[in-house]
>>> print(open('structure27.cif').read())   # mmCIF, C-alpha atoms
data_structure
#
loop_
_atom_site.label_atom_id
_atom_site.label_comp_id
_atom_site.auth_asym_id
_atom_site.auth_seq_id
_atom_site.Cartn_x
_atom_site.Cartn_y
_atom_site.Cartn_z
CA MET A 1422 -9.24 -36.56 -25.31
CA ASP A 1423 -12.21 -35.82 -23.12
CA THR A 1424 -11.87 -33.34 -20.26
CA THR A 1425 -13.06 -35.95 -17.77
CA VAL A 1426 -10.25 -38.33 -18.72
CA LYS A 1427 -7.67 -35.56 -18.48
CA THR A 1428 -8.93 -34.37 -15.11
CA VAL A 1429 -9.05 -37.87 -13.64
CA SER A 1430 -5.57 -38.64 -14.99
CA ILE A 1431 -4.09 -35.52 -13.42
CA HIS A 1432 -5.73 -36.37 -10.10
CA LEU A 1433 -4.43 -39.96 -10.21
CA VAL A 1434 -0.86 -38.79 -10.77
CA GLY A 1435 -1.29 -36.41 -7.83
CA ALA A 1436 -2.67 -39.29 -5.76
CA VAL A 1437 0.47 -41.35 -6.40
CA VAL A 1438 2.64 -38.45 -5.21
CA ALA A 1439 0.41 -37.93 -2.16
CA ALA A 1440 0.53 -41.64 -1.29
CA ILE A 1441 4.33 -41.71 -1.42
CA ILE A 1442 4.60 -38.61 0.77
CA ALA A 1443 1.96 -39.93 3.18
CA THR A 1444 3.82 -43.24 3.42
CA ALA A 1445 7.03 -41.36 4.19
CA PHE A 1446 5.34 -39.58 7.10
CA THR A 1447 3.58 -42.75 8.29
CA LEU A 1448 6.75 -44.87 8.35
CA GLY A 1449 8.98 -42.12 9.72
CA TRP A 1450 11.29 -41.75 6.73
CA LEU A 1451 11.56 -38.01 7.37
CA GLY A 1452 12.58 -38.27 11.01
CA PHE A 1453 9.16 -38.40 12.67
CA LYS A 1454 5.92 -40.36 12.39
CA ASN A 1455 2.61 -38.55 12.11
CA ASP A 1456 -0.42 -40.00 10.36
CA VAL A 1457 -2.50 -36.86 10.81
CA PHE A 1458 0.16 -34.74 9.12
CA ALA A 1459 0.30 -37.29 6.30
CA PHE A 1460 -3.46 -36.92 5.83
CA VAL A 1461 -3.27 -33.12 5.84
CA VAL A 1462 -0.48 -33.16 3.24
CA GLY A 1463 -2.67 -35.33 1.00
CA VAL A 1464 -5.63 -32.98 1.34
CA VAL A 1465 -3.41 -29.99 0.52
CA ILE A 1466 -2.11 -31.79 -2.59
CA LEU A 1467 -5.72 -32.53 -3.59
CA TYR A 1468 -6.59 -28.85 -3.24
CA PHE A 1469 -3.70 -27.70 -5.42
CA ILE A 1470 -4.37 -30.37 -8.05
CA GLY A 1471 -7.99 -29.19 -8.14
CA GLN A 1472 -6.87 -25.60 -8.61
CA LEU A 1473 -4.54 -26.67 -11.43
CA CYS A 1474 -7.37 -28.47 -13.21
CA GLN A 1475 -9.61 -25.47 -12.70
CA LYS A 1476 -7.01 -23.24 -14.41
CA LEU A 1477 -6.45 -25.69 -17.25
CA TYR A 1478 -10.08 -26.65 -17.95
CA GLY A 1479 -12.07 -23.98 -16.08
CA ASP A 1480 -14.67 -23.42 -18.77
CA GLU A 1481 -15.35 -27.14 -19.18
CA ILE A 1482 -15.45 -28.00 -15.46
CA SER A 1483 -18.62 -26.68 -13.90
CA GLY A 1484 -20.37 -27.54 -10.67
CA PHE A 1485 -19.55 -29.45 -7.57
CA SER A 1486 -20.78 -32.74 -9.01
CA THR A 1487 -18.16 -32.70 -11.78
CA TRP A 1488 -15.44 -31.75 -9.34
CA LEU A 1489 -16.52 -34.52 -6.96
CA TRP A 1490 -16.74 -37.35 -9.50
CA ASP A 1491 -13.79 -36.34 -11.66
CA GLY A 1492 -11.43 -35.19 -8.94
CA ILE A 1493 -12.11 -35.90 -5.30
CA LEU A 1494 -13.29 -39.51 -5.48
CA PRO A 1495 -10.63 -40.87 -7.89
CA PHE A 1496 -7.93 -39.05 -5.94
CA GLY A 1497 -9.24 -40.24 -2.57
CA PHE A 1498 -9.73 -43.87 -3.50
CA PHE A 1499 -6.38 -44.22 -5.27
CA TRP A 1500 -4.53 -42.28 -2.58
CA PHE A 1501 -5.91 -44.31 0.34
CA ILE A 1502 -5.48 -47.66 -1.38
CA LEU A 1503 -1.91 -46.95 -2.51
CA TRP A 1504 -1.03 -45.41 0.88
CA THR A 1505 -2.26 -48.56 2.64
CA ILE A 1506 -0.43 -50.90 0.28
CA LEU A 1507 2.85 -48.99 0.52
CA THR A 1508 2.60 -48.71 4.31
CA ASN A 1509 2.00 -52.44 4.72
CA TYR A 1510 4.62 -53.68 2.28
CA LEU A 1511 7.52 -51.27 2.84
#
>>> encode(input="structure27.cif", output="structure tokens")
Amino acid sequence: MDTTVKTVSIHLVGAVVAAIIATAFTLGWLGFKNDVFAFVVGVVILYFIGQLCQKLYGDEISGFSTWLWDGILPFGFFWFILWTILTNYL
């Protein structure tokens, strides 16, 4: 399997986790509501997922462009879309 597919897949799984946690903070499931904290938690998850991919495929991932297109954008789009859907329908 190509490194790009693996990296994007790992980021999408992380985005699902981030969307569920962000929805929990947005809807107040954890005792308080805070959209900014939900956003920060998602960015922190993105950072750690990026570090994990760097450790796993460090020699094959090179440059900001690869990190942007294979990590940040898929994570961001999927996270925001799923966060919005879960927030509106739960």
>>> closest_residue(input="structure27.cif", among="A:Thr1424, A:Thr1444, A:Ser1430, A:Thr1508", to="Pro1495 in chain A", atoms="all atoms listed in the file")
A:Ser1430
>>> resolve_selection(input="structure27.cif", expression="the PyMOL selection byres ((chain A and resi 1435) around 8)", output="list in words")
Ile1431, His1432, Leu1433, Val1434, Ala1436, Val1437, Val1438, Ala1439, Ile1466, Leu1467, Ile1470 and Phe1496 of chain A
>>> closest_residue(input="structure27.cif", among="A:Ala1445, A:Ile1506, A:Tyr1478, A:Ser1486", to="Gly1463 in chain A", atoms="only C-alpha atoms")
A:Ala1445
>>> residues_around(input="structure27.cif", residues="Val1429 in chain A", least_positions_apart="3", cutoff="6 Å", atoms="only C-alpha atoms", output="JSON, numbers by chain")
{"A": [1426, 1432, 1491, 1492]}
>>> atom_distance(input="structure27.cif", atom1="CA of Val1462 in chain A", atom2="CA of Ile1441 in chain A")
10.9 Å
>>> closest_residue(input="structure27.cif", among="A:Trp1490, A:Phe1485, A:Tyr1510, A:Phe1501", to="Leu1448 in chain A", atoms="all atoms listed in the file")
A:Tyr1510
>>> atom_distance(input="structure27.cif", atom1="CA of Val1464 in chain A", atom2="CA of Trp1500 in chain A")
10.2 Å
>>> closest_residue(input="structure27.cif", among="A:Ile1493, A:Asp1456, A:Ala1443, A:Lys1427", to="Phe1469 in chain A", atoms="all atoms listed in the file")
A:Ile1493
>>> atom_distance(input="structure27.cif", atom1="CA of Trp1504 in chain A", atom2="CA of Phe1446 in chain A")
10.6 Å
>>> axis_aligned_box(input="structure27.cif", around="range 1430-1440 of chain A", padding_each_side="8 Å", output="AutoDock Vina command-line options")
--center_x -1.5 --center_y -38.6 --center_z -8.1 --size_x 24.4 --size_y 22.1 --size_z 29.7
>>> closest_residue(input="structure27.cif", among="A:Ile1442, A:Asp1423, A:Thr1428, A:Leu1511", to="Leu1489 in chain A", atoms="all atoms listed in the file")
A:Thr1428
